[in-house]
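K.L.:
Structure: run16.cif, mmCIF, C-alpha atoms.
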```cif
data_input
#
loop_
_atom_site.label_atom_id
_atom_site.label_comp_id
_atom_site.auth_asym_id
_atom_site.auth_seq_id
_atom_site.Cartn_x
_atom_site.Cartn_y
_atom_site.Cartn_z
CA VAL A 1 30.91 23.96 78.45
CA THR A 2 28.20 23.27 75.88
CA ALA A 3 29.31 22.83 72.27
CA ASP A 4 26.85 22.87 69.39
CA MET A 5 28.17 20.88 66.39
CA VAL A 6 26.86 22.46 63.18
CA PRO A 7 27.24 20.45 59.95
CA TYR A 8 29.54 22.07 57.42
CA ALA A 9 27.81 23.02 54.15
CA ASN A 10 28.97 20.76 51.31
CA ALA A 11 28.35 21.88 47.73
CA GLY A 12 30.43 19.05 46.28
CA MET A 13 33.45 19.39 44.03
CA ASP A 14 33.88 21.32 40.80
CA ALA A 15 33.26 19.31 37.64
CA SER A 16 32.71 19.65 33.91
CA ILE A 17 30.59 17.79 31.39
CA ALA A 18 30.37 17.74 27.59
CA LEU A 19 26.94 17.13 26.09
CA CYS A 20 25.38 16.76 22.67
CA SER A 21 22.36 18.92 21.96
CA SER A 22 20.38 15.73 21.30
CA ASN A 23 21.11 14.30 24.77
CA ALA A 24 18.35 13.99 27.34
CA PRO A 25 18.08 16.64 30.10
CA ILE A 26 20.41 16.12 33.07
CA VAL A 27 20.14 16.75 36.83
CA LEU A 28 22.86 19.30 37.57
CA LEU A 29 23.49 18.06 41.11
CA ASP A 30 24.29 14.57 39.79
CA GLU A 31 27.19 15.93 37.75
CA LEU A 32 29.12 17.52 40.64
CA GLY A 33 31.90 15.60 42.30
CA GLY A 34 31.75 14.29 45.85
CA THR A 35 28.49 14.04 47.79
CA PRO A 36 26.95 17.51 47.62
CA ASP A 37 24.12 18.50 49.92
CA GLY A 38 20.72 19.01 48.37
CA GLY A 39 18.66 22.13 48.81
CA GLY A 40 21.20 24.57 47.38
CA THR A 41 20.64 27.13 44.64
CA TRP A 42 21.94 27.20 41.08
CA ALA A 43 22.97 30.16 38.96
CA GLY A 44 24.25 30.08 35.41
CA PRO A 45 25.04 32.26 32.38
CA GLY A 46 21.37 33.23 32.16
CA GLY A 47 20.94 34.03 35.86
CA ILE A 48 19.03 31.87 38.35
CA ALA A 49 18.92 28.29 37.07
CA GLY A 50 16.75 25.32 37.86
CA ALA A 51 17.91 21.91 38.95
CA MET A 52 17.75 20.50 35.39
CA PHE A 53 19.68 21.34 32.24
CA ASN A 54 18.26 20.63 28.79
CA PRO A 55 21.04 20.46 26.15
CA ALA A 56 18.56 21.26 23.39
CA SER A 57 17.66 24.65 24.82
CA GLY A 58 19.98 25.42 27.77
CA ILE A 59 22.84 27.92 27.66
CA ALA A 60 26.29 26.33 27.88
CA GLY A 61 28.79 27.79 30.33
CA ALA A 62 29.70 27.83 34.02
CA TYR A 63 26.99 27.00 36.57
CA ARG A 64 27.47 27.79 40.27
CA TYR A 65 25.91 25.75 43.06
CA VAL A 66 25.70 27.32 46.52
CA VAL A 67 24.73 25.54 49.72
CA ALA A 68 23.97 28.04 52.48
CA GLY A 69 25.93 27.51 55.67
CA VAL A 70 24.35 27.43 59.12
CA ALA A 71 25.97 30.06 61.36
CA PRO A 72 28.69 30.18 62.28
CA CYS A 73 29.71 27.93 59.34
CA PRO A 74 30.19 29.56 55.91
CA SER A 75 28.33 28.70 52.75
CA ASP A 76 29.99 26.38 50.24
CA THR A 77 30.18 26.74 46.46
CA ALA A 78 30.93 24.36 43.58
CA HIS A 79 31.07 25.00 39.84
CA LEU A 80 29.89 22.87 36.93
CA VAL A 81 31.14 23.84 33.48
CA ILE A 82 28.83 22.62 30.67
CA THR A 83 29.76 22.50 26.99
CA VAL A 84 27.18 21.58 24.35
CA GLN A 85 28.07 20.30 20.90
CA PRO A 86 25.36 20.79 18.24
CA ALA A 87 24.05 17.45 17.01
CA PRO A 88 24.64 16.67 13.32
CA ASP A 89 21.66 17.41 11.09
CA PRO A 90 21.54 15.42 7.83
CA GLY A 91 18.04 16.66 7.07
CA THR A 92 15.17 14.32 6.34
CA GLY A 93 14.99 11.71 3.61
CA GLY A 94 13.07 12.12 0.43
CA ALA A 95 12.24 10.60 -2.91
CA GLU A 96 12.26 11.93 -6.46
CA THR A 97 11.33 10.59 -9.88
CA LEU A 98 13.36 12.07 -12.73
CA CYS A 99 13.37 11.98 -16.50
CA PRO A 100 16.10 9.59 -17.76
CA ASP A 101 17.52 12.28 -20.06
CA GLY A 102 16.98 15.18 -17.64
CA ALA A 103 19.50 17.70 -16.35
CA PRO A 104 21.74 16.85 -13.36
CA VAL A 105 20.18 17.47 -9.93
CA GLU A 106 21.76 18.39 -6.59
CA LEU A 107 20.82 15.59 -4.20
CA SER A 108 21.02 17.95 -1.22
CA GLY A 109 18.11 19.85 -2.73
CA LEU A 110 15.99 16.70 -2.44
CA LEU A 111 16.53 16.45 1.33
CA GLY A 112 13.98 17.93 3.72
CA GLY A 113 14.72 20.19 6.66
CA THR A 114 17.95 22.19 6.94
CA PRO A 115 20.77 19.67 6.48
CA ASP A 116 24.33 20.54 7.49
CA ALA A 117 26.58 21.31 4.53
CA ASN A 118 29.60 19.28 5.70
CA GLY A 119 28.28 15.82 4.87
CA SER A 120 29.18 13.35 2.14
CA TRP A 121 27.17 11.14 -0.23
CA THR A 122 27.34 7.47 -1.11
CA GLY A 123 25.47 5.81 -3.95
CA PRO A 124 23.41 2.60 -4.20
CA THR A 125 26.58 0.50 -4.54
CA GLY A 126 28.14 1.99 -1.40
CA LEU A 127 30.75 3.98 -3.33
CA PRO A 128 31.30 7.71 -2.73
CA HIS A 129 29.18 10.05 -4.84
CA SER A 130 29.64 13.72 -5.69
CA GLY A 131 26.09 14.64 -4.69
CA MET A 132 25.28 15.84 -8.20
CA TYR A 133 22.93 13.23 -9.70
CA ASP A 134 23.09 12.81 -13.48
CA PRO A 135 20.10 10.76 -14.74
CA ILE A 136 22.00 9.81 -17.87
CA MET A 137 25.08 8.48 -16.05
CA ASP A 138 24.04 7.54 -12.51
CA LEU A 139 22.13 4.52 -11.24
CA PRO A 140 18.66 4.91 -9.76
CA GLY A 141 18.27 3.82 -6.14
CA SER A 142 19.04 5.03 -2.63
CA TYR A 143 21.65 7.76 -2.10
CA THR A 144 22.76 8.30 1.51
CA TYR A 145 23.94 11.56 3.08
CA LEU A 146 26.25 11.23 6.10
CA VAL A 147 27.10 14.14 8.40
CA PRO A 148 30.04 13.47 10.74
CA ALA A 149 29.03 13.35 14.41
CA PRO A 150 31.51 15.28 16.59
CA ALA A 151 32.11 13.94 20.11
CA PRO A 152 30.17 13.46 22.28
CA CYS A 153 27.32 13.17 19.78
CA PRO A 154 26.45 9.58 18.80
CA ASN A 155 26.61 8.19 15.27
CA THR A 156 22.94 7.27 15.32
CA ASP A 157 20.98 10.19 13.83
CA ASN A 158 23.43 11.50 11.25
CA LEU A 159 22.12 9.76 8.11
CA ALA A 160 19.42 10.65 5.59
CA SER A 161 18.60 8.97 2.29
CA VAL A 162 17.11 10.08 -1.00
CA ASN A 163 15.54 7.46 -3.25
CA VAL A 164 15.88 8.35 -6.91
CA ALA A 165 13.75 6.65 -9.57
CA LEU A 166 13.69 7.20 -13.32
CA VAL A 167 10.54 7.43 -15.39
CA ALA A 168 10.23 4.26 -17.48
CA ALA A 169 10.01 4.74 -21.21
CA PRO A 170 6.89 3.24 -22.82
CA SER A 171 7.09 0.57 -25.50
CA ALA A 172 5.79 1.21 -29.00
CA GLY A 173 4.86 -2.47 -29.18
CA PRO A 174 6.18 -5.46 -31.12
CA ASP A 175 7.08 -5.42 -34.80
CA ALA A 176 4.35 -6.70 -37.10
CA VAL A 177 4.00 -8.20 -40.57
CA SER A 178 0.70 -7.53 -42.37
CA CYS A 179 -0.64 -9.16 -45.50
CA THR A 180 -3.55 -6.71 -45.66
CA LEU A 181 -1.57 -3.43 -45.75
CA GLY A 182 -2.81 -2.67 -42.23
CA THR A 183 -2.32 -3.55 -38.58
CA GLU A 184 -2.94 -2.16 -35.11
CA LEU A 185 -0.37 -0.61 -32.78
CA GLN A 186 0.15 -2.26 -29.40
CA ALA A 187 2.02 0.35 -27.37
CA SER A 188 2.31 -0.24 -23.62
CA GLY A 189 3.42 1.68 -20.56
CA THR A 190 2.18 4.81 -18.80
CA TRP A 191 1.93 8.37 -20.08
CA ALA A 192 -0.09 11.57 -19.75
CA SER A 193 -0.48 12.06 -23.48
CA GLY A 194 0.73 10.43 -26.68
CA ALA A 195 0.61 10.59 -30.45
CA CYS A 196 1.51 8.27 -33.30
CA SER A 197 3.94 9.34 -35.98
CA GLY A 198 5.50 7.80 -39.06
CA PRO A 199 6.28 8.37 -42.73
CA PRO A 200 3.65 9.90 -45.05
CA GLU A 201 2.64 6.47 -46.35
CA LEU A 202 1.19 5.50 -42.95
CA VAL A 203 -2.36 6.53 -42.09
CA PHE A 204 -3.34 6.36 -38.39
CA THR A 205 -7.05 6.04 -37.69
CA THR A 206 -6.83 7.41 -34.12
CA PRO A 207 -3.33 8.90 -33.89
CA ASN A 208 -3.68 9.90 -30.22
CA THR A 209 -4.36 6.37 -28.96
CA ALA A 210 -1.82 3.67 -28.17
CA ASN A 211 -3.67 0.97 -30.14
CA SER A 212 -4.53 2.98 -33.23
CA PRO A 213 -5.18 1.04 -36.46
CA VAL A 214 -2.58 1.94 -39.06
CA ALA A 215 -2.63 1.26 -42.80
CA SER A 216 -0.72 2.06 -45.98
CA PRO A 217 -1.90 2.18 -49.59
CA VAL A 218 1.38 0.64 -50.71
CA ALA A 219 3.50 -2.27 -49.49
CA GLY A 220 6.85 -1.68 -47.84
CA ARG A 221 8.71 -1.55 -44.58
CA PHE A 222 7.67 1.36 -42.39
CA VAL A 223 8.62 2.51 -38.89
CA ALA A 224 5.86 3.88 -36.70
CA ALA A 225 6.57 5.69 -33.41
CA TRP A 226 4.49 6.24 -30.28
CA ASN A 227 5.57 9.62 -28.88
CA THR A 228 4.53 10.34 -25.29
CA THR A 229 4.81 12.84 -22.47
CA SER A 230 4.74 11.46 -18.92
CA THR A 231 2.98 13.03 -15.94
CA GLU A 232 6.46 14.19 -14.80
CA GLY A 233 6.94 16.03 -18.12
CA CYS A 234 9.35 13.52 -19.67
CA ASP A 235 9.22 13.24 -23.47
CA PHE A 236 9.76 9.87 -25.14
#
```
Can you dump the structure from the file as structure tokens?
P.N.:
Amino acid sequence: VTADMVPYANAGMDASIALCSSNAPIVLLDELGGTPDGGGTWAGPGGIAGAMFNPASGIAGAYRYVVAGVAPCPSDTAHLVITVQPAPDPGTGGAETLCPDGAPVELSGLLGGTPDANGSWTGPTGLPHSGMYDPIMDLPGSYTYLVPAPAPCPNTDNLASVNVALVAAPSAGPDAVSCTLGTELQASGTWASGACSGPPELVFTTPNTANSPVASPVAGRFVAAWNTTSTEGCDF
């Protein structure tokens, strides 16, 4: 009697795996239990599947691995169930310069990309923040947006920050005492445009310059102002 011993097809054991959409591609065969034979075929929710699964673009669901049997042995089948959790998206960081007396601003509107809406904000001191920035009340600095990372996604790419700065007000210059009924302004800072103003007794030689000579025909105490508009549109 001659007996031919034909190896039994081994597709491995059923298994399941949970992935984050930001994970690297996986080799499907490596995720089955046991010691499955190579050379089988994969099929998934989208039909015939390759040997790799990319969480960023693959379709989650049940994948079937079939190893063809050599007659008279039957084929063997194993199943791998894949679930994919979307990775948190906090958007991309940004920066904004605001007028110190401007209207409140939604910090989420300063983020780039398409951030998830379920995150929370913290301010420069590390305390929770509402996400509505009020230039009059809030500190300038870095505001951080945190989106919770559901398992199995890692807590590594779920933060984005917005750096908020306030336009600095210019200085009209130091007070001056004149014995000649005249002096020169010494305003400092940055601005897009400016103009001097004061009571009728003051005469400005070049009222649109920060160092305009100013004089008065009569003695007295006068207050002169240097009114500016910044490049951001802030009025001082």
K.L.:
Selected by the PyMOL selection byres ((chain A and resi 41-52) around 12) in the shown coordinates: which residues, as a count of residues only?
P.N.:
37
K.L.:
Which residues, named as in the file, does the PyMOL selection byres ((chain A and resi 162) around 8) pick out? Answer as a ChimeraX atom specification.
P.N.:
/A:93-96,107,110-111,142-144,160-161,163-164
K.L.:
Which residues are close to segment 209-214 of chain A, i.e. within 8 Å by all atoms listed in the file, leaving aside same-chain residues fewer than 3 positions away? Reply as a tab-separated table (two decimals) with C-alpha atoms, keeping the file's coordinate frame.
P.N.:
```tsv
chain	number	residue	atom	x	y	z
A	182	GLY	CA	-2.81	-2.67	-42.23
A	183	THR	CA	-2.32	-3.55	-38.58
A	184	GLU	CA	-2.94	-2.16	-35.11
A	185	LEU	CA	-0.37	-0.61	-32.78
A	186	GLN	CA	0.15	-2.26	-29.40
A	187	ALA	CA	2.02	0.35	-27.37
A	188	SER	CA	2.31	-0.24	-23.62
A	194	GLY	CA	0.73	10.43	-26.68
A	195	ALA	CA	0.61	10.59	-30.45
A	196	CYS	CA	1.51	8.27	-33.30
A	202	LEU	CA	1.19	5.50	-42.95
A	203	VAL	CA	-2.36	6.53	-42.09
A	204	PHE	CA	-3.34	6.36	-38.39
A	205	THR	CA	-7.05	6.04	-37.69
A	206	THR	CA	-6.83	7.41	-34.12
A	226	TRP	CA	4.49	6.24	-30.28
```
K.L.:
List every protein, DNA or RNA residue that has at least one atom no more than 12 Å from (30.1, 7.7, 0.5) in the file's coordinates, counting all atoms listed in the file, and write the result as an NGL selection string.
P.N.:
:A and (119-131 or 142-148 or 159 or 161)
K.L.:
For the residues in the current selection, export C-alpha atoms as a PDB file, in the coordinates of the input.
P.N.:
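selection_19.pdb, written as the output of this step:
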```pdb
ATOM      1  CA  GLY A 119      28.280  15.820   4.870  1.00  0.00           C
ATOM      2  CA  SER A 120      29.180  13.350   2.140  1.00  0.00           C
ATOM      3  CA  TRP A 121      27.170  11.140  -0.230  1.00  0.00           C
ATOM      4  CA  THR A 122      27.340   7.470  -1.110  1.00  0.00           C
ATOM      5  CA  GLY A 123      25.470   5.810  -3.950  1.00  0.00           C
ATOM      6  CA  PRO A 124      23.410   2.600  -4.200  1.00  0.00           C
ATOM      7  CA  THR A 125      26.580   0.500  -4.540  1.00  0.00           C
ATOM      8  CA  GLY A 126      28.140   1.990  -1.400  1.00  0.00           C
ATOM      9  CA  LEU A 127      30.750   3.980  -3.330  1.00  0.00           C
ATOM     10  CA  PRO A 128      31.300   7.710  -2.730  1.00  0.00           C
ATOM     11  CA  HIS A 129      29.180  10.050  -4.840  1.00  0.00           C
ATOM     12  CA  SER A 130      29.640  13.720  -5.690  1.00  0.00           C
ATOM     13  CA  GLY A 131      26.090  14.640  -4.690  1.00  0.00           C
ATOM     14  CA  SER A 142      19.040   5.030  -2.630  1.00  0.00           C
ATOM     15  CA  TYR A 143      21.650   7.760  -2.100  1.00  0.00           C
ATOM     16  CA  THR A 144      22.760   8.300   1.510  1.00  0.00           C
ATOM     17  CA  TYR A 145      23.940  11.560   3.080  1.00  0.00           C
ATOM     18  CA  LEU A 146      26.250  11.230   6.100  1.00  0.00           C
ATOM     19  CA  VAL A 147      27.100  14.140   8.400  1.00  0.00           C
ATOM     20  CA  PRO A 148      30.040  13.470  10.740  1.00  0.00           C
ATOM     21  CA  LEU A 159      22.120   9.760   8.110  1.00  0.00           C
ATOM     22  CA  SER A 161      18.600   8.970   2.290  1.00  0.00           C
TER      23      SER A 161
END
```
K.L.:
If you measure from atom CA of Gly233 of chain A to atom CA of Asp138 of chain A, what distance in Å do you get, rounded to one decimal?
P.N.:
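The value is 19.9 Å.
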K.L.:
Report, in Å with one decimal, the straight-line distance from atom CA of Thr97 of chain A to atom CA of Ala169 of chain A.
P.N.:
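Result for atom CA of Thr97 of chain A versus atom CA of Ala169 of chain A: 12.8 Å, one decimal.
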K.L.:
Could you check how far atom CA of Ala168 of chain A sits from atom CA of Met132 of chain A, in Å to one decimal?
P.N.:
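Between atom CA of Ala168 of chain A and atom CA of Met132 of chain A the gap works out to 21.1 Å.
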K.L.:
So which residues are close to (23.5, 17.4, 4.8), meaning at most 6 Å away in the file's coordinates with all atoms listed in the file counted, and can you show them as a list in words?
P.N.:
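Those residues lying close to the given coordinates are Pro90, Gly91, Pro115, Asp116, Ala117 and Gly119 of chain A.
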K.L.:
On this file, the PyMOL selection byres ((chain A and resi 230) around 9) gives some set of residues; write that set as a list in words.
P.N.:
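Written out, the selection comes to Cys99, Val167, Ala169, Thr190, Trp191, Ala192, Ser193, Gly194, Thr228, Thr229, Thr231, Glu232, Gly233, Cys234, Asp235 and Phe236 of chain A.
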K.L.:
Which residues come within 10 Å of Thr180 of chain A, counting only C-alpha atoms, excluding same-chain residues fewer than 6 positions away, as a list in words?
P.N.:
Ala215, Ser216, Pro217 and Ala219 of chain A
K.L.:
Can you write just those residues out, C-alpha atoms, as a PDB file, keeping the file's coordinate frame?
P.N.:
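File written: part04.pdb
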```pdb
ATOM      1  CA  ALA A 215      -2.630   1.260 -42.800  1.00  0.00           C
ATOM      2  CA  SER A 216      -0.720   2.060 -45.980  1.00  0.00           C
ATOM      3  CA  PRO A 217      -1.900   2.180 -49.590  1.00  0.00           C
ATOM      4  CA  ALA A 219       3.500  -2.270 -49.490  1.00  0.00           C
TER       5      ALA A 219
END
```
K.L.:
Which residue is closest to Met137 of chain A? Choose from A:Ala149, A:Asn118, A:Asp101, A:Ala18 and count only C-alpha atoms.
P.N.:
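Of all the options, A:Asp101 lies closest to Met137 of chain A.
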K.L.:
Select, from A:Gly69, A:Leu139, A:Ala151, A:Pro7, the residue with the minimum atom-to-atom distance to Leu19 of chain A, counting only C-alpha atoms.
P.N.:
A:Ala151
